[in-house]
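Engineer: Before anything else, here's the structure in question.
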Amino acid sequence: MANLDDILNVIKDRHADADVSVEDSFGDAVMVVAKSQLLDVLTSLKQEGFDLLLDIAGVDNMKREAPERFELVYMLYSVGQDLRLRVKVYVPEDDLNVPSATGLWQAANWGEREAFDMFGFNFEGHPNLERILCHREFVGHALRKDYPTLKGQWATSTSDLRPDLERE
Amino acid sequence: MGVKMTPGTKHESGIITTKLDEVLRWGRKNSLWPLPFGTACCAIEFMGVVSSPFDLSRFGAEIVRFSPRQSDLMLVAGTINYKIGPVMRRIYDQMCEPKYVISMGACACSGGFYDNYAAIQGIDQIVPVDVFIPGCPPRPDAVLNAIVKLQEKIAKEPQRGLRHIGREHGES
Ligand code: SF4
């Protein structure tokens with residue numbers, strides 16, 4: 001069974017030009033990747049056994065020190081090797097386009113919709129990039145630090161849970 | 001109870017006299033059919049209300065219907081957020097008159113501790129509420145109390161008479 005360090009070294013070698021660094025956070029390895037190389041690195045990680053995408057989280061760094069305003073965190077798990085890895089990518093405020101990981105993991109579909117809904121990331125190549133938690137008349141992105149927490153917005157219409165069924 | 005033996009009638013014969021409004025109100029208040037609009041933990045508590053330890057059927061309201069066409073009491077149990085607001089309003093609109101609403105729990109009454117961009121701060125902003133039940137969740141006794149309060153309210157409803165019944169059914 002391969003251990004995590006071996007896999008990370010393989011990735012680092014394979015993407016030597018990709019500005020990949022690994023840090024430790026609360027006992028889990030966190031890999032920081034440049035946005036331009038994100039999809040390549042994720043593809044390699046899947047090949048190396050990270051077959052499960054647990055979640056995608058967005059972060060707004062508006063009120064703290066960070067290289068960019070936004071970041072995305074992909075939480076990966078390797079079922080066969082029982083390994084965990086977080087992949088972090090910084091996303092600048094003026095360019096929210098991020099390649100979609102839906103081609104690698106089906107689970108990315110809803111995770112990316114949530115990150116789009118709450119922070120406004122634009123996942124290029126996503127098959128159905130619509131809001132998933134807030135209603136479709138919602139304006140703005142609720143988890144951004146500059147969204148007023150208490151500002152509710154009325155919905156006047158219902159959302160389709162299964163647009164694919166509604167369209168028939 | 002609304003239906004009373006009129007002094008002097010021979011009720012041995014099986015006939016009692018009363019007023020039509022009284023009979024209607026008596027029937028309505030003792031046969032409420034709740035539609036549980038359950039969205040969160042309060043709905044679990046409502047299951048306790050209907051089950052045998054608390055036994056909602058003692059008050060005639062145990063026939064839980066999940067169709068607005070078959071119910072006359074919408075029991076909103078749980079957090080109502082802006083996204084489900086239009087759904088709740090449409091279900092309320094689909095219920096036939098006369099209809100009543102009980103708002104169960106802090107969330108439905110006022111948003112509870114969900115004071116944020118997602119939760120509606122009180123369902124009375126979109127549907128008329130007859131009885132509010134405080135608590136998080138309210139104890140089943142409190143729900144029974146609300147049903148009794150609603151029954152008292154129905155018993156005091158203004159006289160409607162036959163002509164009004166006709167209008168309710170779309171006749172002129
Ligand atoms: S009032 Fe309390 S128990 Fe009821 S839905 Fe809200 S949080 Fe849950």
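Residue numbers start at 1 in each chain; chains themselves are named A, B, ... in the order of the structure tokens; ligands are numbered from 1 in the order shown.
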Mind listing the strand (DSSP E) residues of range 7-168 of chain B, per DSSP on the backbone, as a list in words?
Structural biologist: Pro34, Leu35, Pro36, Phe37, Gly38, Leu73, Met74, Leu75, Val76, Ala77, Tyr100, Val101, Ile102, Ser103, Met104, Val131, Phe132 and Ile133 of chain B
Engineer: Which residues, written as a PyMOL selection string, have at least one atom at most 8 Å from Met31 in chain A, with only C-alpha atoms counted and residues fewer than 6 positions away on the same chain left out?
Structural biologist: chain A and resi 20-23+85-88
Engineer: If you keep all heavy atoms, can you produce a file of those selected residues as a PDB file, in the first residue's frame?
Structural biologist:
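Final output, result_14.pdb:
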ATOM      1  N   VAL A  20       3.412  23.236  -7.066  1.00  0.00           N
ATOM      2  CA  VAL A  20       2.662  22.454  -6.082  1.00  0.00           C
ATOM      3  C   VAL A  20       3.426  22.463  -4.770  1.00  0.00           C
ATOM      4  O   VAL A  20       4.615  22.152  -4.739  1.00  0.00           O
ATOM      5  CB  VAL A  20       2.498  20.992  -6.565  1.00  0.00           C
ATOM      6  CG1 VAL A  20       1.796  20.166  -5.503  1.00  0.00           C
ATOM      7  CG2 VAL A  20       1.738  20.953  -7.875  1.00  0.00           C
ATOM      8  N   SER A  21       2.767  22.818  -3.697  1.00  0.00           N
ATOM      9  CA  SER A  21       3.418  22.735  -2.385  1.00  0.00           C
ATOM     10  C   SER A  21       2.494  21.990  -1.434  1.00  0.00           C
ATOM     11  O   SER A  21       1.289  21.942  -1.634  1.00  0.00           O
ATOM     12  CB  SER A  21       3.734  24.123  -1.849  1.00  0.00           C
ATOM     13  OG  SER A  21       2.531  24.813  -1.586  1.00  0.00           O
ATOM     14  N   VAL A  22       3.091  21.386  -0.421  1.00  0.00           N
ATOM     15  CA  VAL A  22       2.296  20.615   0.538  1.00  0.00           C
ATOM     16  C   VAL A  22       2.572  21.129   1.934  1.00  0.00           C
ATOM     17  O   VAL A  22       3.711  21.338   2.324  1.00  0.00           O
ATOM     18  CB  VAL A  22       2.638  19.111   0.457  1.00  0.00           C
ATOM     19  CG1 VAL A  22       1.821  18.345   1.484  1.00  0.00           C
ATOM     20  CG2 VAL A  22       2.364  18.578  -0.935  1.00  0.00           C
ATOM     21  N   GLU A  23       1.513  21.383   2.669  1.00  0.00           N
ATOM     22  CA  GLU A  23       1.668  21.790   4.056  1.00  0.00           C
ATOM     23  C   GLU A  23       0.817  20.877   4.930  1.00  0.00           C
ATOM     24  O   GLU A  23       0.016  20.082   4.428  1.00  0.00           O
ATOM     25  CB  GLU A  23       1.252  23.259   4.223  1.00  0.00           C
ATOM     26  CG  GLU A  23      -0.150  23.554   3.721  1.00  0.00           C
ATOM     27  CD  GLU A  23      -0.398  25.047   3.540  1.00  0.00           C
ATOM     28  OE1 GLU A  23       0.395  25.706   2.823  1.00  0.00           O
ATOM     29  OE2 GLU A  23      -1.376  25.540   4.114  1.00  0.00           O
ATOM     30  N   LEU A  85      -6.613  13.793   1.706  1.00  0.00           N
ATOM     31  CA  LEU A  85      -5.814  14.901   1.187  1.00  0.00           C
ATOM     32  C   LEU A  85      -6.743  16.069   0.886  1.00  0.00           C
ATOM     33  O   LEU A  85      -7.852  15.876   0.379  1.00  0.00           O
ATOM     34  CB  LEU A  85      -5.086  14.470  -0.097  1.00  0.00           C
ATOM     35  CG  LEU A  85      -4.267  15.550  -0.793  1.00  0.00           C
ATOM     36  CD1 LEU A  85      -3.086  15.966   0.062  1.00  0.00           C
ATOM     37  CD2 LEU A  85      -3.779  15.065  -2.150  1.00  0.00           C
ATOM     38  N   ARG A  86      -6.278  17.246   1.247  1.00  0.00           N
ATOM     39  CA  ARG A  86      -7.032  18.436   0.852  1.00  0.00           C
ATOM     40  C   ARG A  86      -6.236  19.168  -0.216  1.00  0.00           C
ATOM     41  O   ARG A  86      -5.021  19.330  -0.097  1.00  0.00           O
ATOM     42  CB  ARG A  86      -7.263  19.363   2.039  1.00  0.00           C
ATOM     43  CG  ARG A  86      -8.205  18.773   3.064  1.00  0.00           C
ATOM     44  CD  ARG A  86      -8.941  19.849   3.836  1.00  0.00           C
ATOM     45  NE  ARG A  86      -8.093  20.583   4.761  1.00  0.00           N
ATOM     46  CZ  ARG A  86      -7.808  20.180   5.993  1.00  0.00           C
ATOM     47  NH1 ARG A  86      -8.285  19.036   6.438  1.00  0.00           N
ATOM     48  NH2 ARG A  86      -7.045  20.909   6.784  1.00  0.00           N
ATOM     49  N   VAL A  87      -6.929  19.595  -1.250  1.00  0.00           N
ATOM     50  CA  VAL A  87      -6.285  20.357  -2.320  1.00  0.00           C
ATOM     51  C   VAL A  87      -6.862  21.757  -2.298  1.00  0.00           C
ATOM     52  O   VAL A  87      -8.069  21.957  -2.332  1.00  0.00           O
ATOM     53  CB  VAL A  87      -6.530  19.699  -3.699  1.00  0.00           C
ATOM     54  CG1 VAL A  87      -5.894  20.545  -4.790  1.00  0.00           C
ATOM     55  CG2 VAL A  87      -5.980  18.295  -3.714  1.00  0.00           C
ATOM     56  N   LYS A  88      -5.968  22.718  -2.206  1.00  0.00           N
ATOM     57  CA  LYS A  88      -6.414  24.106  -2.052  1.00  0.00           C
ATOM     58  C   LYS A  88      -5.947  24.917  -3.251  1.00  0.00           C
ATOM     59  O   LYS A  88      -4.815  24.750  -3.710  1.00  0.00           O
ATOM     60  CB  LYS A  88      -5.799  24.659  -0.776  1.00  0.00           C
ATOM     61  CG  LYS A  88      -6.341  25.981  -0.337  1.00  0.00           C
ATOM     62  CD  LYS A  88      -6.269  26.108   1.173  1.00  0.00           C
ATOM     63  CE  LYS A  88      -5.035  26.851   1.603  1.00  0.00           C
ATOM     64  NZ  LYS A  88      -5.026  27.090   3.054  1.00  0.00           N
TER      65      LYS A  88
END
Engineer: Show me which residues are within 9 Å of ligand 1 counting only C-alpha atoms and all ligand atoms, and format the list as a list in words.
Structural biologist: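 Final answer, ordered by chain and number: Gly38, Thr39, Ala40, Cys41, Cys42, Ala43, Ile44, Glu45, Ala77, Gly78, Thr79, Ile80, Met104, Gly105, Ala106, Cys107, Ala108, Cys109, Gly111, Gly112, Phe113, Tyr114, Pro134, Gly135, Cys136, Pro137 and Pro138 of chain B.
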Engineer: For CA of Phe70 in chain A and CA of Glu130 in chain A, quote the distance in Å rounded to one decimal.
Structural biologist: 19.6 Å
Engineer: Using only C-alpha atoms, which of the listed residues (B:Tyr117, B:Trp26, B:Phe46, B:Phe66) sits closest to Ile91 in chain B?
Structural biologist: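 Nearest to Ile91 in chain B: B:Phe66.
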